[in-house]
Amino acid sequence: MVRLLNVYTISGFASLAGVMYGFDVASMSGVVGTQEYKSFYGNPLGVRQGGITGAIAAGSLIGALSSSVLGDRLSRKVAIQFGTILWCIGASLQSSSTGIPMLVIGRVISGVCIGLTSSLVPIYQSEIAPRKIRGRVVSLQHFAIAWGILIMYFVQYGCSFLHSEAVFRLPWALQTIPAVLLFIGLFWLPRSPRWLASKDRWDEVLQVLAFLRTPNCDINDPLVLAEYKEIEEQIRVERDEESNSYRELFGKKIRKRLFLGMAVQCWSQLSGVNVLLYFIVYILQSASISNELFFSSIQYIIFVVATIPTILWTDQWGRRSSLLVGSLSVGFWMYLIGGIFARYGEPNPVSDQPYTWVIIGRPAASHTIQASVYLASASFAMSWGPIEWIYPPEIIPLRIRAKAVSFSTATNWITNFVLALAIPPLLRTIRWRVFIIFGSFNVFAFIHVWLQVRETKQCTLEEMDEIFEHGEPVWRSFTGARYSGRLEALAKEIERNKLHMNRPVQIGVYDHVERNGIAM
């Protein structure tokens, strides 16, 4: 357990990027209902408010698409640091904005940071984590997002009593705090060993693996040498194939995995939970729930707590089963919310509200909607929320991992942007039918996961080619145990033969293994 402390500490600290993401999600939900925000920005409704909310998703799309270039050239770590600088610039513009145009520009710049970090942090976490806890480590990203949402929402709730422009300016300014901490702290964190291997920096690969896997940084530890050897073999195979271009992404071998990662991100957004996270205030107001700001905070508390079981047990539950159960449960709650609104709702007598369908004088129906919103958020946090960050980075080979993840994350943000732009006017036009649509999306997601998503729990990143090219049929893929154990077997072989590897001095991809007496 001691040797895993470094991995948890590093991944947890890198997850400050998730806190920034969470700050972004809550940066609008807590202020859109305040009178100060409405007065200063001219009470934006419909497409105008959708454009403000969606601006950060538009910037995130740019950041996601550029993350592969920056992540491969600068390293995952340095590219994340670059993103934190952009985040501080964007937050400064938002907090000092004089109108909607300046606010949108600030949110776009902040979005570029979110696109970069939401792509690269899960890659970084998956590349430093041992296979047995990789799901747990990467799910820290979603846990941090949930905490960011909760913290920012309570900051905004407290600021709502100030009755001045500080209601929205102060929370937006405070967004810079995790970015500054992350920028400074990353100087002390190691680079990804797999990125180092791709740059032939083998001396550092061995040192970083020893630091991550052993309590005393022992470079002769059998498990360290076994993982080192497996990474090296994977690099050799990838270079023999002589392809690391975008063309390979859409080749016969990889494109199915690429589209699978993109689909997981897309279905996650189409689950409808973003409607609950971004516009929870509107939903509770339309259900005639008084003190909606306070009751909205309960959703974010549940969102944090519900993530904990997934962090602890996702490497036992598996990715596939979590997605299947999550699709059914979130879909059920979406159908229930839509059905209650349809049965007990009526047109809103007040025309200048962001919602045109309300429930009046039916407390049981109102509280059922409130409970369903909470349970839908919890169901998402225990399934799609963490898995959408775990799955795309782990199924792609190292040579094109950053490129593929940039596409999957870009899919996330394209869908996010469309929803942020469309939901406010849809709540005013098709009303309760919005929830029926999202419930149906969850049904489609269940079918797609059942037919296409393979289980990858407890498998090394280097084993993914074997799983996707020679694995059992998808509908039988509920455990990853069949592919586990190769790394441990190699470590036992190294220990049995008493093979020790000196720190390489001038390392080519192939020659050092032979020099140190390890047969390929």
# chains A, B, ... in the order shown; residues from 1 in each chain; ligands from 1
>>> residues_around(residues="A:Leu258", least_positions_apart="5", cutoff="9 Å", atoms="only C-alpha atoms", output="ChimeraX atom specification")
/A:249-250,263,392,395-396,404-405,407-408
>>> select_by_dssp(residues="stretch 94-207 of chain A", states="alpha helix (DSSP H)", output="count of residues only")
88
>>> residues_around(residues="A:Pro122", least_positions_apart="6", cutoff="10 Å", atoms="only C-alpha atoms", output="list in words")
Ser11, Ala14, Ser15, Gly18, Arg76, Val137, Val138, Ser139, Leu140, Gln141, His142, Glu388, Trp389, Ile390, Tyr391, Pro392, Pro393, Glu394 and Val405 of chain A
>>> write_last_selection(atoms="N, CA, C and O atoms", output="PDB file, in the first residue's frame")
ATOM      1  N   SER A  11      -1.974  11.641  -8.657  1.00  0.00           N
ATOM      2  CA  SER A  11      -3.237  11.693  -9.397  1.00  0.00           C
ATOM      3  C   SER A  11      -4.249  12.609  -8.722  1.00  0.00           C
ATOM      4  O   SER A  11      -4.985  13.337  -9.394  1.00  0.00           O
ATOM      5  N   ALA A  14      -3.166  16.152  -9.516  1.00  0.00           N
ATOM      6  CA  ALA A  14      -3.467  16.477 -10.916  1.00  0.00           C
ATOM      7  C   ALA A  14      -4.967  16.695 -11.114  1.00  0.00           C
ATOM      8  O   ALA A  14      -5.377  17.432 -12.026  1.00  0.00           O
ATOM      9  N   SER A  15      -5.779  16.092 -10.253  1.00  0.00           N
ATOM     10  CA  SER A  15      -7.229  16.232 -10.366  1.00  0.00           C
ATOM     11  C   SER A  15      -7.720  17.618  -9.981  1.00  0.00           C
ATOM     12  O   SER A  15      -8.925  17.899 -10.092  1.00  0.00           O
ATOM     13  N   GLY A  18      -9.792  18.854 -12.463  1.00  0.00           N
ATOM     14  CA  GLY A  18     -11.208  18.515 -12.364  1.00  0.00           C
ATOM     15  C   GLY A  18     -11.969  19.514 -11.504  1.00  0.00           C
ATOM     16  O   GLY A  18     -13.139  19.814 -11.775  1.00  0.00           O
ATOM     17  N   ARG A  76       2.529  15.659 -21.196  1.00  0.00           N
ATOM     18  CA  ARG A  76       1.216  15.858 -20.579  1.00  0.00           C
ATOM     19  C   ARG A  76       1.296  16.954 -19.506  1.00  0.00           C
ATOM     20  O   ARG A  76       0.434  17.819 -19.402  1.00  0.00           O
ATOM     21  N   VAL A 137      -7.903   5.363  -9.900  1.00  0.00           N
ATOM     22  CA  VAL A 137      -7.060   6.554 -10.017  1.00  0.00           C
ATOM     23  C   VAL A 137      -7.679   7.568 -10.979  1.00  0.00           C
ATOM     24  O   VAL A 137      -7.774   8.757 -10.678  1.00  0.00           O
ATOM     25  N   VAL A 138      -8.124   7.104 -12.145  1.00  0.00           N
ATOM     26  CA  VAL A 138      -8.677   8.035 -13.128  1.00  0.00           C
ATOM     27  C   VAL A 138     -10.035   8.565 -12.672  1.00  0.00           C
ATOM     28  O   VAL A 138     -10.403   9.703 -13.001  1.00  0.00           O
ATOM     29  N   SER A 139     -10.780   7.782 -11.901  1.00  0.00           N
ATOM     30  CA  SER A 139     -12.074   8.263 -11.417  1.00  0.00           C
ATOM     31  C   SER A 139     -11.919   9.410 -10.428  1.00  0.00           C
ATOM     32  O   SER A 139     -12.896  10.112 -10.134  1.00  0.00           O
ATOM     33  N   LEU A 140     -10.703   9.628  -9.920  1.00  0.00           N
ATOM     34  CA  LEU A 140     -10.463  10.804  -9.081  1.00  0.00           C
ATOM     35  C   LEU A 140     -10.748  12.089  -9.848  1.00  0.00           C
ATOM     36  O   LEU A 140     -11.088  13.116  -9.244  1.00  0.00           O
ATOM     37  N   GLN A 141     -10.610  12.047 -11.175  1.00  0.00           N
ATOM     38  CA  GLN A 141     -10.931  13.211 -11.999  1.00  0.00           C
ATOM     39  C   GLN A 141     -12.405  13.585 -11.845  1.00  0.00           C
ATOM     40  O   GLN A 141     -12.738  14.758 -11.646  1.00  0.00           O
ATOM     41  N   HIS A 142     -13.278  12.598 -11.933  1.00  0.00           N
ATOM     42  CA  HIS A 142     -14.703  12.893 -11.772  1.00  0.00           C
ATOM     43  C   HIS A 142     -15.018  13.316 -10.339  1.00  0.00           C
ATOM     44  O   HIS A 142     -15.862  14.199 -10.118  1.00  0.00           O
ATOM     45  N   GLU A 388     -16.642   7.742 -18.199  1.00  0.00           N
ATOM     46  CA  GLU A 388     -16.384   8.501 -19.425  1.00  0.00           C
ATOM     47  C   GLU A 388     -14.947   9.028 -19.475  1.00  0.00           C
ATOM     48  O   GLU A 388     -14.417   9.273 -20.569  1.00  0.00           O
ATOM     49  N   TRP A 389     -14.309   9.183 -18.322  1.00  0.00           N
ATOM     50  CA  TRP A 389     -12.907   9.627 -18.294  1.00  0.00           C
ATOM     51  C   TRP A 389     -11.945   8.446 -18.249  1.00  0.00           C
ATOM     52  O   TRP A 389     -10.799   8.558 -18.687  1.00  0.00           O
ATOM     53  N   ILE A 390     -12.387   7.317 -17.707  1.00  0.00           N
ATOM     54  CA  ILE A 390     -11.514   6.147 -17.588  1.00  0.00           C
ATOM     55  C   ILE A 390     -11.340   5.443 -18.930  1.00  0.00           C
ATOM     56  O   ILE A 390     -10.225   5.087 -19.325  1.00  0.00           O
ATOM     57  N   TYR A 391     -12.439   5.241 -19.645  1.00  0.00           N
ATOM     58  CA  TYR A 391     -12.445   4.313 -20.785  1.00  0.00           C
ATOM     59  C   TYR A 391     -11.685   4.808 -22.020  1.00  0.00           C
ATOM     60  O   TYR A 391     -10.855   4.068 -22.559  1.00  0.00           O
ATOM     61  N   PRO A 392     -11.918   6.018 -22.520  1.00  0.00           N
ATOM     62  CA  PRO A 392     -11.241   6.418 -23.770  1.00  0.00           C
ATOM     63  C   PRO A 392      -9.719   6.377 -23.718  1.00  0.00           C
ATOM     64  O   PRO A 392      -9.089   5.885 -24.676  1.00  0.00           O
ATOM     65  N   PRO A 393      -9.037   6.831 -22.644  1.00  0.00           N
ATOM     66  CA  PRO A 393      -7.571   6.784 -22.669  1.00  0.00           C
ATOM     67  C   PRO A 393      -6.989   5.379 -22.611  1.00  0.00           C
ATOM     68  O   PRO A 393      -5.897   5.144 -23.127  1.00  0.00           O
ATOM     69  N   GLU A 394      -7.693   4.441 -21.994  1.00  0.00           N
ATOM     70  CA  GLU A 394      -7.080   3.142 -21.753  1.00  0.00           C
ATOM     71  C   GLU A 394      -7.216   2.172 -22.925  1.00  0.00           C
ATOM     72  O   GLU A 394      -6.529   1.151 -22.964  1.00  0.00           O
ATOM     73  N   VAL A 405      -7.788  10.527 -27.772  1.00  0.00           N
ATOM     74  CA  VAL A 405      -8.496  11.115 -26.639  1.00  0.00           C
ATOM     75  C   VAL A 405      -8.927  12.538 -26.954  1.00  0.00           C
ATOM     76  O   VAL A 405      -9.979  13.004 -26.499  1.00  0.00           O
TER      77      VAL A 405
END
>>> select_by_dssp(residues="stretch 301-471 of chain A", states="strand (DSSP E)", output="PyMOL selection string")
chain A and resi 346-347+357-358
>>> residues_around(residues="A:Trp313", least_positions_apart="2", cutoff="12 Å", atoms="only C-alpha atoms", output="list in words")
Lys132, Ile133, Arg134, Gly135, Arg136, Val137, Ser139, Thr307, Ile308, Pro309, Thr310, Ile311, Asp315, Gln316, Trp317, Gly318, Arg319, Ser322, Met382, Ser383, Pro386, Lys457 and Gln458 of chain A
>>> residues_around(residues="A:Lys199", least_positions_apart="2", cutoff="12 Å", atoms="only C-alpha atoms", output="VMD selection string")
chain A and resid 72 to 75 191 to 197 201 to 205 232 235 239 398 to 399 507 to 509
>>> closest_residue(among="A:Gln207, A:Thr9, A:Gln353, A:Ser372", to="A:Pro44", atoms="only C-alpha atoms")
A:Gln353
>>> closest_residue(among="A:Trp413, A:Phe446, A:Trp147, A:Tyr282", to="A:Leu45", atoms="only C-alpha atoms")
A:Tyr282
>>> residues_around(residues="A:Tyr157", least_positions_apart="6", cutoff="9 Å", atoms="only C-alpha atoms", output="list of chain:residue names")
A:Gly30, A:Val31, A:Val167, A:Leu293, A:Phe294, A:Ser297
>>> residues_around(residues="A:Ser288", least_positions_apart="4", cutoff="12 Å", atoms="only C-alpha atoms", output="list in words")
Val281, Tyr282, Ile283, Leu284, Glu292, Phe295, Phe341, Tyr344, Gly345, Glu346, Asn348, Tyr355, Trp357, Val358, Ile359, Ile360, Gly361, Arg362, Pro363, Ala364, Ala365, Ser366, His367, Thr368, Ile369 and Gln370 of chain A
>>> write_last_selection(atoms="N, CA and C atoms", output="short mmCIF file (atom, residue, chain, number, x, y, z; two decimals), in the first residue's frame")
data_model
loop_
_atom_site.label_atom_id
_atom_site.label_comp_id
_atom_site.auth_asym_id
_atom_site.auth_seq_id
_atom_site.Cartn_x
_atom_site.Cartn_y
_atom_site.Cartn_z
N VAL A 281 -31.67 25.09 -11.11
CA VAL A 281 -32.50 26.16 -10.54
C VAL A 281 -33.79 26.30 -11.33
N TYR A 282 -33.70 26.28 -12.67
CA TYR A 282 -34.89 26.40 -13.50
C TYR A 282 -35.86 25.24 -13.23
N ILE A 283 -35.33 24.03 -13.12
CA ILE A 283 -36.18 22.85 -12.94
C ILE A 283 -36.92 22.91 -11.61
N LEU A 284 -36.20 23.27 -10.54
CA LEU A 284 -36.85 23.35 -9.24
C LEU A 284 -37.86 24.49 -9.19
N GLU A 292 -34.90 27.48 -3.91
CA GLU A 292 -34.30 26.56 -4.88
C GLU A 292 -32.78 26.57 -4.82
N PHE A 295 -31.86 24.03 -2.07
CA PHE A 295 -32.16 22.65 -2.45
C PHE A 295 -31.33 22.20 -3.65
N PHE A 341 -44.13 15.93 -14.92
CA PHE A 341 -44.38 17.27 -15.47
C PHE A 341 -45.55 17.22 -16.46
N TYR A 344 -49.00 16.55 -14.32
CA TYR A 344 -49.47 17.51 -13.33
C TYR A 344 -49.12 18.96 -13.66
N GLY A 345 -48.39 19.20 -14.74
CA GLY A 345 -47.98 20.55 -15.08
C GLY A 345 -49.03 21.31 -15.86
N GLU A 346 -48.78 22.62 -16.01
CA GLU A 346 -49.66 23.51 -16.76
C GLU A 346 -48.84 24.68 -17.28
N ASN A 348 -47.11 28.17 -17.78
CA ASN A 348 -46.70 29.18 -16.81
C ASN A 348 -47.44 30.49 -17.08
N TYR A 355 -38.73 29.26 -18.07
CA TYR A 355 -39.49 28.01 -18.21
C TYR A 355 -40.96 28.38 -18.43
N TRP A 357 -43.54 25.94 -18.31
CA TRP A 357 -44.39 24.83 -17.84
C TRP A 357 -44.14 24.66 -16.35
N VAL A 358 -45.19 24.72 -15.53
CA VAL A 358 -45.00 24.71 -14.08
C VAL A 358 -45.99 23.74 -13.43
N ILE A 359 -45.62 23.32 -12.23
CA ILE A 359 -46.53 22.54 -11.38
C ILE A 359 -46.94 23.43 -10.22
N ILE A 360 -48.22 23.64 -10.05
CA ILE A 360 -48.72 24.56 -9.03
C ILE A 360 -49.70 23.81 -8.13
N GLY A 361 -49.46 23.92 -6.83
CA GLY A 361 -50.40 23.37 -5.86
C GLY A 361 -50.42 21.86 -5.76
N ARG A 362 -49.35 21.21 -6.20
CA ARG A 362 -49.26 19.75 -6.08
C ARG A 362 -47.92 19.39 -5.43
N PRO A 363 -47.85 19.52 -4.12
CA PRO A 363 -46.57 19.32 -3.43
C PRO A 363 -46.00 17.91 -3.59
N ALA A 364 -46.85 16.90 -3.65
CA ALA A 364 -46.34 15.53 -3.80
C ALA A 364 -45.62 15.38 -5.13
N ALA A 365 -46.22 15.90 -6.21
CA ALA A 365 -45.58 15.83 -7.52
C ALA A 365 -44.28 16.63 -7.54
N SER A 366 -44.30 17.80 -6.92
CA SER A 366 -43.11 18.65 -6.89
C SER A 366 -41.96 17.95 -6.18
N HIS A 367 -42.24 17.36 -5.04
CA HIS A 367 -41.18 16.70 -4.27
C HIS A 367 -40.71 15.41 -4.94
N THR A 368 -41.59 14.76 -5.68
CA THR A 368 -41.17 13.58 -6.43
C THR A 368 -40.18 13.97 -7.53
N ILE A 369 -40.45 15.09 -8.20
CA ILE A 369 -39.50 15.59 -9.20
C ILE A 369 -38.18 15.93 -8.53
N GLN A 370 -38.23 16.60 -7.39
CA GLN A 370 -37.01 16.95 -6.67
C GLN A 370 -36.20 15.71 -6.33
#
